[in-house]
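Shown next: data30.pdb, given as PDB, C-alpha atoms.
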```
ATOM      1  CA  MET A   1     123.236  87.837  74.374
ATOM      2  CA  LYS A   2     123.164  91.121  76.346
ATOM      3  CA  ARG A   3     119.413  90.756  76.865
ATOM      4  CA  ILE A   4     119.859  87.204  78.244
ATOM      5  CA  LEU A   5     122.575  88.338  80.658
ATOM      6  CA  LEU A   6     120.409  91.245  81.829
ATOM      7  CA  ILE A   7     117.416  88.985  82.434
ATOM      8  CA  LEU A   8     119.561  86.487  84.358
ATOM      9  CA  SER A   9     120.920  89.360  86.472
ATOM     10  CA  LEU A  10     117.380  90.500  87.248
ATOM     11  CA  ILE A  11     116.506  86.968  88.380
ATOM     12  CA  ALA A  12     119.401  86.908  90.864
ATOM     13  CA  ILE A  13     118.258  89.962  92.844
ATOM     14  CA  PRO A  14     114.793  88.739  93.893
ATOM     15  CA  GLY A  15     116.216  85.229  94.161
ATOM     16  CA  LEU A  16     118.117  86.390  97.216
ATOM     17  CA  LEU A  17     114.813  87.287  98.845
ATOM     18  CA  ILE A  18     112.866  84.273  97.599
ATOM     19  CA  ALA A  19     115.365  81.607  98.667
ATOM     20  CA  GLY A  20     114.879  80.950 102.327
ATOM     21  CA  PRO A  21     112.753  79.321 104.981
ATOM     22  CA  LYS A  22     109.039  78.704 104.632
ATOM     23  CA  ASP A  23     106.691  81.527 105.620
ATOM     24  CA  ASP A  24     105.274  81.404 109.101
ATOM     25  CA  GLU A  25     104.602  84.086 111.666
ATOM     26  CA  SER A  26     107.942  83.574 113.461
ATOM     27  CA  LYS A  27     110.090  83.853 110.311
ATOM     28  CA  LYS A  28     111.206  87.134 108.809
ATOM     29  CA  ILE A  29     111.117  85.939 105.182
ATOM     30  CA  TYR A  30     108.119  85.169 102.990
ATOM     31  CA  LYS A  31     107.843  84.094  99.342
ATOM     32  CA  GLY A  32     105.332  82.925  96.761
ATOM     33  CA  ILE A  33     103.813  83.198  93.301
ATOM     34  CA  ARG A  34     101.299  85.701  91.955
ATOM     35  CA  GLY A  35      99.129  85.996  88.901
ATOM     36  CA  GLY A  36      95.950  87.511  87.578
ATOM     37  CA  PHE A  37      94.259  89.854  85.119
ATOM     38  CA  GLN A  38      95.776  93.098  83.880
ATOM     39  CA  SER A  39      94.163  96.008  82.055
ATOM     40  CA  SER A  40      96.679  98.369  80.466
ATOM     41  CA  THR A  41      96.712 101.400  78.222
ATOM     42  CA  PHE A  42      98.983 104.158  77.022
ATOM     43  CA  ALA A  43      98.875 107.619  78.567
ATOM     44  CA  VAL A  44      99.283 109.957  75.590
ATOM     45  CA  ASP A  45     100.469 113.572  75.938
ATOM     46  CA  GLU A  46      98.512 114.829  72.927
ATOM     47  CA  GLY A  47      95.074 113.598  71.953
ATOM     48  CA  ASP A  48      92.916 110.854  73.396
ATOM     49  CA  SER A  49      94.415 107.757  74.961
ATOM     50  CA  PRO A  50      93.638 104.560  73.022
ATOM     51  CA  ASP A  51      91.401 101.799  74.325
ATOM     52  CA  GLY A  52      92.916  99.428  76.861
ATOM     53  CA  LEU A  53      94.385  95.967  76.394
ATOM     54  CA  GLY A  54      93.330  93.070  78.603
ATOM     55  CA  SER A  55      95.989  90.482  79.403
ATOM     56  CA  PHE A  56      97.509  88.541  82.292
ATOM     57  CA  TYR A  57     100.497  88.734  84.604
ATOM     58  CA  LEU A  58     102.460  85.993  86.353
ATOM     59  CA  GLY A  59     105.400  86.190  88.709
ATOM     60  CA  ILE A  60     107.304  85.215  91.817
ATOM     61  CA  PHE A  61     107.939  87.320  94.894
ATOM     62  CA  GLY A  62     109.835  87.320  98.139
ATOM     63  CA  GLY A  63     109.920  89.649 101.081
ATOM     64  CA  LYS A  64     111.739  90.397 104.279
ATOM     65  CA  LYS A  65     110.004  91.676 107.371
ATOM     66  CA  LEU A  66     111.662  94.743 108.856
ATOM     67  CA  GLY A  67     112.147  95.166 112.580
ATOM     68  CA  PRO A  68     110.687  93.140 115.423
ATOM     69  CA  SER A  69     107.040  93.609 114.398
ATOM     70  CA  LYS A  70     105.070  92.275 111.425
ATOM     71  CA  LEU A  71     104.041  95.809 110.444
ATOM     72  CA  LEU A  72     106.661  96.641 107.780
ATOM     73  CA  SER A  73     108.371  94.606 105.103
ATOM     74  CA  ILE A  74     110.196  95.137 101.859
ATOM     75  CA  TYR A  75     109.558  92.859  98.933
ATOM     76  CA  SER A  76     110.659  92.271  95.386
ATOM     77  CA  GLY A  77     110.218  89.673  92.673
ATOM     78  CA  LEU A  78     110.010  89.070  88.962
ATOM     79  CA  THR A  79     106.819  89.495  86.962
ATOM     80  CA  PHE A  80     105.974  88.830  83.318
ATOM     81  CA  TYR A  81     103.221  91.033  81.905
ATOM     82  CA  GLN A  82     101.961  92.515  78.654
ATOM     83  CA  SER A  83     101.223  96.205  78.325
ATOM     84  CA  GLY A  84      99.668  97.984  75.384
ATOM     85  CA  ALA A  85      96.487  99.156  73.745
ATOM     86  CA  ASP A  86      93.819  97.762  71.450
ATOM     87  CA  ASP A  87      91.948 100.377  69.465
ATOM     88  CA  LYS A  88      89.665  99.855  66.465
ATOM     89  CA  ASP A  89      91.115 102.929  64.719
ATOM     90  CA  PHE A  90      94.812 102.069  64.885
ATOM     91  CA  GLY A  91      95.060  98.387  65.822
ATOM     92  CA  GLU A  92      96.711  96.491  68.638
ATOM     93  CA  VAL A  93     100.045  97.002  70.391
ATOM     94  CA  LYS A  94     101.349  94.343  72.809
ATOM     95  CA  LEU A  95     104.614  94.966  74.625
ATOM     96  CA  SER A  96     105.831  92.049  76.764
ATOM     97  CA  TYR A  97     107.958  92.861  79.813
ATOM     98  CA  ILE A  98     109.882  91.226  82.646
ATOM     99  CA  SER A  99     109.553  93.537  85.625
ATOM    100  CA  LEU A 100     111.521  93.888  88.855
ATOM    101  CA  PRO A 101     109.312  95.639  91.431
ATOM    102  CA  VAL A 102     110.628  96.799  94.811
ATOM    103  CA  SER A 103     108.019  97.914  97.345
ATOM    104  CA  LEU A 104     107.539  98.784 100.978
ATOM    105  CA  ARG A 105     104.560  96.960 102.507
ATOM    106  CA  VAL A 106     102.577  97.931 105.610
ATOM    107  CA  LYS A 107     100.407  95.155 107.117
ATOM    108  CA  LEU A 108      97.684  95.565 109.740
ATOM    109  CA  GLY A 109      96.050  92.234 110.524
ATOM    110  CA  PRO A 110      95.085  90.526 107.243
ATOM    111  CA  VAL A 111      95.051  93.803 105.271
ATOM    112  CA  TYR A 112      98.136  95.350 103.695
ATOM    113  CA  ALA A 113      99.047  98.286 101.481
ATOM    114  CA  PHE A 114     102.207  98.752  99.469
ATOM    115  CA  GLY A 115     103.976 101.223  97.241
ATOM    116  CA  GLY A 116     107.231 101.357  95.373
ATOM    117  CA  ALA A 117     108.909 101.395  91.996
ATOM    118  CA  ASN A 118     109.590  98.925  89.233
ATOM    119  CA  ALA A 119     112.001  98.578  86.361
ATOM    120  CA  ALA A 120     110.950  96.575  83.305
ATOM    121  CA  ILE A 121     112.829  95.169  80.325
ATOM    122  CA  LYS A 122     110.900  94.660  77.098
ATOM    123  CA  VAL A 123     111.205  91.038  75.936
ATOM    124  CA  GLY A 124     108.682  91.118  73.091
ATOM    125  CA  GLU A 125     106.653  93.390  70.830
ATOM    126  CA  SER A 126     103.636  92.690  68.632
ATOM    127  CA  LEU A 127     101.826  95.161  66.358
ATOM    128  CA  SER A 128      98.735  94.381  64.304
ATOM    129  CA  GLY A 129      96.377  96.442  62.189
ATOM    130  CA  PRO A 130      97.037  99.915  60.739
ATOM    131  CA  ILE A 131      99.671 100.668  63.397
ATOM    132  CA  GLU A 132     102.039  98.217  61.680
ATOM    133  CA  GLN A 133     102.645 100.918  59.041
ATOM    134  CA  ALA A 134     103.639 103.546  61.649
ATOM    135  CA  ASP A 135     107.277 104.397  62.277
ATOM    136  CA  LEU A 136     107.383 103.523  65.987
ATOM    137  CA  ASP A 137     110.427 102.656  68.051
ATOM    138  CA  PHE A 138     109.330 101.587  71.537
ATOM    139  CA  GLU A 139     112.047 101.799  74.189
ATOM    140  CA  SER A 140     113.375  98.508  75.543
ATOM    141  CA  PHE A 141     113.243  99.799  79.139
ATOM    142  CA  ASP A 142     110.295 101.093  81.178
ATOM    143  CA  ALA A 143     110.057 102.303  84.762
ATOM    144  CA  GLY A 144     107.060 103.053  86.883
ATOM    145  CA  ALA A 145     105.675 103.655  90.335
ATOM    146  CA  GLN A 146     103.076 101.401  91.900
ATOM    147  CA  ILE A 147     100.562 101.443  94.728
ATOM    148  CA  GLY A 148      98.272  98.666  95.864
ATOM    149  CA  VAL A 149      96.245  96.952  98.547
ATOM    150  CA  GLY A 150      95.690  93.340  99.471
ATOM    151  CA  VAL A 151      94.093  91.045 101.983
ATOM    152  CA  LYS A 152      95.617  87.759 103.141
ATOM    153  CA  PHE A 153      93.730  84.668 104.300
ATOM    154  CA  LEU A 154      95.771  81.601 105.251
ATOM    155  CA  MET A 155      98.166  80.964 102.309
ATOM    156  CA  LEU A 156      96.282  83.139  99.773
ATOM    157  CA  SER A 157      95.911  86.839  99.268
ATOM    158  CA  ALA A 158      93.953  88.958  96.818
ATOM    159  CA  GLU A 159      95.648  92.100  95.501
ATOM    160  CA  LEU A 160      94.717  95.165  93.507
ATOM    161  CA  LYS A 161      97.651  97.188  92.134
ATOM    162  CA  TYR A 162      97.979 100.278  89.928
ATOM    163  CA  ASN A 163     101.214 101.050  88.060
ATOM    164  CA  PHE A 164     101.856 104.315  86.241
ATOM    165  CA  GLY A 165     104.782 104.908  83.916
ATOM    166  CA  LEU A 166     107.433 107.440  84.832
ATOM    167  CA  ILE A 167     109.314 107.509  81.521
ATOM    168  CA  GLU A 168     108.204 107.740  77.913
ATOM    169  CA  ILE A 169     108.437 104.495  75.939
ATOM    170  CA  GLU A 170     107.826 106.429  72.707
ATOM    171  CA  ASP A 171     107.459 110.165  72.037
ATOM    172  CA  GLY A 172     104.645 111.369  74.322
ATOM    173  CA  ILE A 173     103.564 107.847  75.402
ATOM    174  CA  LYS A 174     103.768 106.299  78.884
ATOM    175  CA  THR A 175     102.360 102.986  80.094
ATOM    176  CA  SER A 176      99.863 102.399  82.870
ATOM    177  CA  HIS A 177      98.104  99.287  84.082
ATOM    178  CA  LEU A 178      95.751  97.974  86.734
ATOM    179  CA  GLN A 179      96.298  94.443  88.059
ATOM    180  CA  ALA A 180      93.855  92.284  90.016
ATOM    181  CA  GLY A 181      94.968  88.847  91.099
ATOM    182  CA  LEU A 182      95.907  86.262  93.679
ATOM    183  CA  CYS A 183      99.112  85.463  95.546
ATOM    184  CA  LEU A 184      99.982  82.024  96.910
ATOM    185  CA  PHE A 185     102.433  82.134  99.809
ATOM    186  CA  LEU A 186     104.793  79.150  99.834
TER     187      LEU A 186
END
```

What would you get if you wrote out this structure as structure tokens?
Amino acid sequence: MKRILLILSLIAIPGLLIAGPKDDESKKIYKGIRGGFQSSTFAVDEGDSPDGLGSFYLGIFGGKKLGPSKLLSIYSGLTFYQSGADDKDFGEVKLSYISLPVSLRVKLGPVYAFGGANAAIKVGESLSGPIEQADLDFESFDAGAQIGVGVKFLMLSAELKYNFGLIEIEDGIKTSHLQAGLCLFL
């Protein structure tokens, strides 16, 4: 029940940004959906990092332009993604998250760059292979910093984003992932 209430609370925050008028150059609010491919792995303090895990991400976003120009904006949203590792020696780990990113975006013409932070709540966990026998207790919360670039053409944009974990989800283990995908502005 607590997890459901937390997820509903996370939906309300970006919902304030997403609800609003349609995006056009005269409006200060924009919104849309995003999705694409994600490659993730674990950054391990001791020893070699395991092989990466390929998966997808899907989410909604909304933003508010800051000031009189189109140069700066702040945006947020909700994103579902899977993070983990897939290694022939220890098996596969898939951690499913709902993430709440908050970023500052700088736009020059069709090109933009952004950076910020995100908080993520684990909503699922799957272990297969030899790692199932390990005594692991992955944290239910993750936080990271992100940087990225994108280019917008009409109602679509292509983005490339890197997220690196700031907290350990297990002793000596942090998440990191690279996302490449498309955004549809509504």

Please evaluate the PyMOL selection byres ((chain A and resi 42) around 8) against the structure above and give the resulting residues as a ChimeraX atom specification.
-> /A:40-41,43-44,49-50,52,84-85,173-176

- Query: With all atoms listed in the file as the atoms that count, which of A:Ala134, A:Ile169, A:Leu186, A:Ala117 lies nearest to A:Met155?
  - Reply: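 Among A:Ala134, A:Ile169, A:Leu186, A:Ala117, it is A:Leu186 that comes nearest to A:Met155.
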
- Suppose you want the space between atom CA of A:Glu159 and atom CA of A:Cys183; what is it in Å?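 Value for the atom CA of A:Glu159-atom CA of A:Cys183 distance: 7.5 Å.
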
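Near stretch 137-143 of chain A, within 8 Å and counting all atoms listed in the file, sit Ala117, Asn118, Ala119, Ala120, Ile121, Lys122, Val123, Gly165, Leu166, Ile167, Glu168, Ile169 and Glu170 of chain A; same-chain residues fewer than 6 positions away were not included.
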
Atom pair atom CA of A:Leu127 + atom CA of A:Leu182, distance 29.3 Å

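Applied to this file, the PyMOL selection byres ((chain A and resi 96) around 9) selects the residues Phe80, Tyr81, Gln82, Ser83, Gly84, Lys94, Leu95, Tyr97, Ile98, Ile121, Lys122, Val123, Gly124, Glu125 and Ser126 of chain A.
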
Practice item. Kindly give the distance, in Å, that separates atom CA of A:Gly67 and atom CA of A:Thr79, rounded to a single decimal. Key: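 One can read the atom CA of A:Gly67 to atom CA of A:Thr79 distance as 26.8 Å.
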